[in-house]
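run-v2.pdb follows (PDB, C-alpha atoms):
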```
ATOM      1  CA  MET L   1      13.662 -10.996  -9.665
ATOM      2  CA  ASP L   2      15.214  -9.752  -6.427
ATOM      3  CA  VAL L   3      14.220  -6.104  -6.091
ATOM      4  CA  ALA L   4      16.547  -5.197  -3.199
ATOM      5  CA  SER L   5      19.205  -3.800  -5.550
ATOM      6  CA  LEU L   6      16.585  -1.523  -7.186
ATOM      7  CA  LEU L   7      15.713   0.220  -3.915
ATOM      8  CA  PRO L   8      15.246   2.690  -2.366
ATOM      9  CA  LEU L   9      12.806   4.700  -4.451
ATOM     10  CA  THR L  10      12.781   8.447  -3.921
ATOM     11  CA  THR L  11      10.409  11.328  -4.562
ATOM     12  CA  PRO L  12      11.016  15.016  -3.861
ATOM     13  CA  ARG L  13       9.924  14.554  -0.220
ATOM     14  CA  LEU L  14      10.054  10.821   0.456
ATOM     15  CA  THR L  15      12.227   7.737   0.496
ATOM     16  CA  LEU L  16      10.539   4.357  -0.018
ATOM     17  CA  ARG L  17      12.829   1.670   1.356
ATOM     18  CA  LEU L  18      12.775  -1.858   2.624
ATOM     19  CA  PHE L  19      11.712  -2.229   6.232
ATOM     20  CA  THR L  20      14.328  -3.183   8.798
ATOM     21  CA  PRO L  21      13.751  -5.037  12.081
ATOM     22  CA  GLY L  22      14.505  -1.681  13.764
ATOM     23  CA  ASP L  23      11.292  -0.239  12.302
ATOM     24  CA  ALA L  24       9.085  -2.313  14.616
ATOM     25  CA  ASP L  25       8.367   0.589  17.004
ATOM     26  CA  ASP L  26       7.279   2.930  14.196
ATOM     27  CA  LEU L  27       5.215   0.154  12.611
ATOM     28  CA  TYR L  28       3.520  -0.647  15.914
ATOM     29  CA  ALA L  29       2.701   3.040  16.517
ATOM     30  CA  TYR L  30       0.126   3.027  13.696
ATOM     31  CA  GLN L  31      -0.562  -0.662  13.019
ATOM     32  CA  SER L  32      -1.808  -1.084  16.609
ATOM     33  CA  LEU L  33      -4.537   1.541  16.166
ATOM     34  CA  PRO L  34      -8.063   0.158  15.688
ATOM     35  CA  SER L  35      -8.821   3.099  13.369
ATOM     36  CA  VAL L  36      -6.007   1.936  11.051
ATOM     37  CA  ALA L  37      -6.656  -1.817  11.309
ATOM     38  CA  ARG L  38     -10.319  -1.284  10.458
ATOM     39  CA  TYR L  39      -9.434  -0.688   6.809
ATOM     40  CA  LEU L  40      -6.799  -3.442   6.583
ATOM     41  CA  TYR L  41      -9.110  -6.464   6.887
ATOM     42  CA  ARG L  42      -7.359  -7.742  10.012
ATOM     43  CA  PRO L  43      -7.062  -7.025  13.740
ATOM     44  CA  ALA L  44      -4.778  -4.330  15.148
ATOM     45  CA  HIS L  45      -1.179  -5.508  15.598
ATOM     46  CA  THR L  46       0.291  -6.431  18.932
ATOM     47  CA  ARG L  47       3.851  -5.291  19.678
ATOM     48  CA  GLU L  48       5.066  -8.831  18.991
ATOM     49  CA  ARG L  49       3.243  -8.980  15.647
ATOM     50  CA  SER L  50       4.791  -5.663  14.587
ATOM     51  CA  GLU L  51       8.253  -7.099  15.302
ATOM     52  CA  GLU L  52       7.439 -10.182  13.214
ATOM     53  CA  VAL L  53       6.032  -8.104  10.346
ATOM     54  CA  ALA L  54       9.041  -5.738  10.261
ATOM     55  CA  ALA L  55      11.413  -8.729  10.105
ATOM     56  CA  GLU L  56       9.332 -10.507   7.435
ATOM     57  CA  ARG L  57       9.141  -7.392   5.267
ATOM     58  CA  ALA L  58      12.880  -6.773   5.604
ATOM     59  CA  ALA L  59      13.597 -10.272   4.303
ATOM     60  CA  HIS L  60      11.103 -10.465   1.426
ATOM     61  CA  THR L  61      12.532  -8.924  -1.734
ATOM     62  CA  VAL L  62      11.551 -11.474  -4.373
ATOM     63  CA  TRP L  63       9.105 -10.510  -7.140
ATOM     64  CA  ARG L  64       8.348 -13.579  -9.202
ATOM     65  CA  ALA L  65       5.319 -15.672  -8.243
ATOM     66  CA  ASP L  66       1.683 -15.173  -7.325
ATOM     67  CA  GLY L  67       1.479 -13.834  -3.784
ATOM     68  CA  ASP L  68       4.932 -12.231  -3.688
ATOM     69  CA  LYS L  69       4.663  -8.958  -1.798
ATOM     70  CA  LEU L  70       6.877  -5.921  -1.693
ATOM     71  CA  ALA L  71       6.202  -3.702   1.317
ATOM     72  CA  LEU L  72       8.191  -0.480   1.616
ATOM     73  CA  ALA L  73       8.584   1.901   4.518
ATOM     74  CA  VAL L  74       7.575   5.470   3.658
ATOM     75  CA  CYS L  75      10.022   7.938   5.221
ATOM     76  CA  ARG L  76      10.572  11.661   4.851
ATOM     77  CA  ARG L  77      13.892  12.326   3.161
ATOM     78  CA  ASP L  78      14.861  15.006   5.676
ATOM     79  CA  GLU L  79      14.158  13.248   8.980
ATOM     80  CA  PRO L  80      14.226   9.771  10.521
ATOM     81  CA  GLY L  81      11.217   7.571  11.209
ATOM     82  CA  VAL L  82       8.571   5.673   9.294
ATOM     83  CA  LEU L  83       5.424   7.600   8.287
ATOM     84  CA  GLY L  84       3.670   4.551   6.879
ATOM     85  CA  GLU L  85       4.003   2.015   4.110
ATOM     86  CA  VAL L  86       3.135   1.184   0.537
ATOM     87  CA  SER L  87       2.796  -2.325  -0.790
ATOM     88  CA  LEU L  88       2.543  -4.193  -4.028
ATOM     89  CA  THR L  89       1.318  -7.796  -4.148
ATOM     90  CA  LEU L  90       1.727  -9.897  -7.267
ATOM     91  CA  ALA L  91      -1.810 -11.215  -7.701
ATOM     92  CA  ASP L  92      -1.269 -12.942 -11.058
ATOM     93  CA  ALA L  93       2.271 -13.302 -12.412
ATOM     94  CA  ARG L  94       1.200 -14.583 -15.832
ATOM     95  CA  ALA L  95      -1.237 -11.706 -16.400
ATOM     96  CA  ALA L  96       1.062  -9.144 -14.701
ATOM     97  CA  GLN L  97      -1.637  -7.982 -12.247
ATOM     98  CA  ALA L  98      -0.706  -6.464  -8.876
ATOM     99  CA  GLU L  99      -2.599  -5.080  -5.917
ATOM    100  CA  ILE L 100      -1.306  -1.771  -4.603
ATOM    101  CA  GLY L 101      -1.931  -0.522  -1.088
ATOM    102  CA  TRP L 102      -0.884   2.171   1.373
ATOM    103  CA  THR L 103      -1.203   2.836   5.072
ATOM    104  CA  LEU L 104      -0.098   6.001   6.832
ATOM    105  CA  ASP L 105       0.172   6.840  10.480
ATOM    106  CA  PRO L 106      -2.855   9.100  11.143
ATOM    107  CA  GLY L 107      -0.490  11.798  12.413
ATOM    108  CA  HIS L 108       0.999  12.070   8.921
ATOM    109  CA  GLN L 109      -2.192  11.923   6.873
ATOM    110  CA  GLY L 110      -3.470  14.907   4.936
ATOM    111  CA  HIS L 111      -0.086  16.020   3.543
ATOM    112  CA  GLY L 112      -0.162  14.124   0.240
ATOM    113  CA  TYR L 113       2.369  11.511   1.359
ATOM    114  CA  ALA L 114       0.149   8.540   0.465
ATOM    115  CA  THR L 115      -0.480   9.869  -3.038
ATOM    116  CA  GLU L 116       3.192  10.711  -3.586
ATOM    117  CA  ALA L 117       4.376   7.300  -2.346
ATOM    118  CA  ALA L 118       1.700   5.332  -4.208
ATOM    119  CA  ALA L 119       2.422   7.191  -7.463
ATOM    120  CA  GLU L 120       6.112   6.336  -7.171
ATOM    121  CA  LEU L 121       5.368   2.681  -6.399
ATOM    122  CA  ALA L 122       2.918   2.472  -9.320
ATOM    123  CA  ALA L 123       5.541   3.912 -11.690
ATOM    124  CA  PHE L 124       8.063   1.363 -10.356
ATOM    125  CA  ALA L 125       5.535  -1.445 -10.855
ATOM    126  CA  PHE L 126       4.871  -0.472 -14.455
ATOM    127  CA  ASP L 127       8.310   0.696 -15.566
ATOM    128  CA  THR L 128      10.597  -1.711 -13.704
ATOM    129  CA  LEU L 129       8.562  -4.737 -12.673
ATOM    130  CA  GLY L 130       6.584  -4.984 -15.910
ATOM    131  CA  VAL L 131       3.155  -4.893 -14.298
ATOM    132  CA  HIS L 132       0.297  -4.465 -16.777
ATOM    133  CA  ARG L 133      -2.510  -3.575 -14.315
ATOM    134  CA  ILE L 134      -2.634  -2.423 -10.722
ATOM    135  CA  TYR L 135      -5.713  -2.400  -8.555
ATOM    136  CA  ALA L 136      -6.643  -1.287  -5.050
ATOM    137  CA  ARG L 137      -9.339  -2.726  -2.798
ATOM    138  CA  LEU L 138     -10.708  -0.361  -0.181
ATOM    139  CA  ASP L 139     -13.579   0.056   2.208
ATOM    140  CA  VAL L 140     -16.105   2.528   0.781
ATOM    141  CA  GLU L 141     -15.932   4.491   4.041
ATOM    142  CA  ASN L 142     -12.180   4.998   3.610
ATOM    143  CA  THR L 143     -12.587   8.362   1.908
ATOM    144  CA  GLY L 144      -8.881   9.194   2.179
ATOM    145  CA  SER L 145      -7.948   6.162   0.092
ATOM    146  CA  VAL L 146     -10.726   6.911  -2.392
ATOM    147  CA  ARG L 147      -9.126  10.338  -2.896
ATOM    148  CA  VAL L 148      -5.672   8.764  -3.346
ATOM    149  CA  CYS L 149      -7.001   6.418  -6.044
ATOM    150  CA  GLU L 150      -8.667   9.291  -7.851
ATOM    151  CA  ARG L 151      -5.575  11.530  -7.608
ATOM    152  CA  LEU L 152      -3.533   8.690  -9.111
ATOM    153  CA  GLY L 153      -5.900   8.552 -12.080
ATOM    154  CA  MET L 154      -7.281   5.117 -11.223
ATOM    155  CA  ARG L 155     -10.836   4.310 -12.297
ATOM    156  CA  ARG L 156     -13.489   2.794 -10.039
ATOM    157  CA  GLU L 157     -14.223  -0.614 -11.571
ATOM    158  CA  ALA L 158     -16.446  -2.139  -8.928
ATOM    159  CA  HIS L 159     -18.590  -1.432  -5.889
ATOM    160  CA  LEU L 160     -19.035  -4.620  -3.883
ATOM    161  CA  VAL L 161     -21.956  -4.234  -1.498
ATOM    162  CA  GLU L 162     -21.719  -5.789   1.975
ATOM    163  CA  ASN L 163     -19.050  -8.232   0.809
ATOM    164  CA  ASP L 164     -17.067  -8.233   4.063
ATOM    165  CA  LEU L 165     -18.128  -8.972   7.630
ATOM    166  CA  ASP L 166     -15.872  -7.074  10.024
ATOM    167  CA  GLY L 167     -16.897  -8.306  13.436
ATOM    168  CA  ASP L 168     -20.620  -7.504  13.442
ATOM    169  CA  ARG L 169     -20.455  -4.784  10.768
ATOM    170  CA  TRP L 170     -21.033  -5.443   7.085
ATOM    171  CA  GLY L 171     -18.594  -3.523   4.959
ATOM    172  CA  SER L 172     -18.715  -2.632   1.304
ATOM    173  CA  GLU L 173     -15.705  -2.289  -0.932
ATOM    174  CA  TYR L 174     -14.561  -0.348  -3.977
ATOM    175  CA  ILE L 175     -12.077  -1.686  -6.469
ATOM    176  CA  TYR L 176     -10.037   0.917  -8.328
ATOM    177  CA  ALA L 177      -7.623   0.012 -11.118
ATOM    178  CA  ALA L 178      -5.332   1.382 -13.795
ATOM    179  CA  LEU L 179      -3.424  -0.079 -16.709
ATOM    180  CA  SER L 180       0.200   0.753 -17.337
ATOM    181  CA  ALA L 181      -0.899   2.728 -20.409
ATOM    182  CA  ASP L 182      -3.331   4.775 -18.266
ATOM    183  CA  LEU L 183      -0.820   5.981 -15.707
ATOM    184  CA  GLY L 184       2.291   5.737 -17.851
ATOM    185  CA  ALA L 185       0.980   8.247 -20.357
ATOM    186  CA  ARG L 186      -0.109  10.622 -17.583
ATOM    187  CA  SER L 187       3.146  10.564 -15.632
ATOM    188  CA  GLY L 188       5.501  10.483 -18.579
ATOM    189  CA  HIS L 189       6.836   7.024 -17.690
TER     190      HIS L 189
END
```

Written as structure tokens, how would this file's structure read?
Amino acid sequence: MDVASLLPLTTPRLTLRLFTPGDADDLYAYQSLPSVARYLYRPAHTRERSEEVAAERAAHTVWRADGDKLALAVCRRDEPGVLGEVSLTLADARAAQAEIGWTLDPGHQGHGYATEAAAELAAFAFDTLGVHRIYARLDVENTGSVRVCERLGMRREAHLVENDLDGDRWGSEYIYAALSADLGARSGH
């Protein structure tokens, strides 16, 4: 399925749309920060990498096979600019399992944008893409993302202890998940 014709998604305050190559500056503004990259299991982006990522995300709209990823720019409906992103990765097409994620520019955190955007993407995953189960992997120290998972009604299914070596620091991870029936019944979808 090509999802481009099904976008953008909107909430009362936000528009979730495909990235464009012109979003590279906004993407770089937060993806280059070590404090953001720390929770993304990869190094901070260079300017060049942000340009590549914006172009790749703009072009990838297929949702069909394991590994397909939909990454959407999170924008306020009333003003220009990218606040962050939400993503959905098809982990297992046959079992309809997808990993959900979100990243916000630190200057826009604390206003409920991540929860609002992730809730809309989860509803889209369940209602339109036919996903059966979503899950999120997050560093246990990422308390903001823990709160987002809990606000969404996701349950903590696992606590992986020192499962990731980030440079010289061992990190532990939580896995939160929800079934379509869990969130669908709550949100009315």

I'd like the box whose edges run along x, y and z of the file and which contains every listed atom of stretch 142-157 of chain L, padded by 6 Å per side; could you state its centre and edge lengths in Å, one decimal, as lines of an AutoDock Vina configuration file?
```
center_x = -8.9
center_y = 5.5
center_z = -4.3
size_x = 22.7
size_y = 24.1
size_z = 27.9
```

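Shortest atom-to-atom contact with L:Glu85 among L:Arg42, L:Gln97, L:Thr128, L:Thr15: L:Thr15, counting all atoms listed in the file.
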
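The two atoms in question, atom CA of L:Pro34 and atom CA of L:Arg137, are spaced 18.8 Å apart.
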
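Comparing the minimum interatomic distances between L:Leu179 and each of L:Leu83, L:Val131, L:Ala158, L:Leu152, counting all atoms listed in the file, we find that L:Val131 sits nearest.
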
For this session: I would like the residues chosen by the PyMOL selection byres ((chain L and resi 135) around 10) on the shown file; could you give them as a PyMOL selection string?
Result: chain L and resi 88-89+91+97-101+122+133-134+136-138+149+154-157+175-179

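One finds atom CA of L:Thr103 at 13.0 Å from atom CA of L:Asp139.
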
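Coordinates place atom CA of L:Tyr39 at a distance of 14.7 Å from atom CA of L:Ala114.
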
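Each of L:Gly84, L:Gly167, L:Gly153, L:Pro8 was compared to L:Gly107 using only C-alpha atoms, and L:Gly84 turns out to be the nearest.
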
Problem set entry | Nearest to L:Trp170 by atom-to-atom distance, counting all atoms listed in the file, from L:Arg38, L:Val82, L:Phe19, L:Ala96 | L:Arg38

Problem set entry | Selected residue of minimal separation from L:Thr10 among L:Leu27, L:Val74, L:Leu40, L:Ala55, counting all atoms listed in the file | L:Val74

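Considering all atoms listed in the file, the residue among L:His60, L:Lys69, L:Arg17, L:Arg94 positioned nearest to L:Gly81 is L:Arg17.
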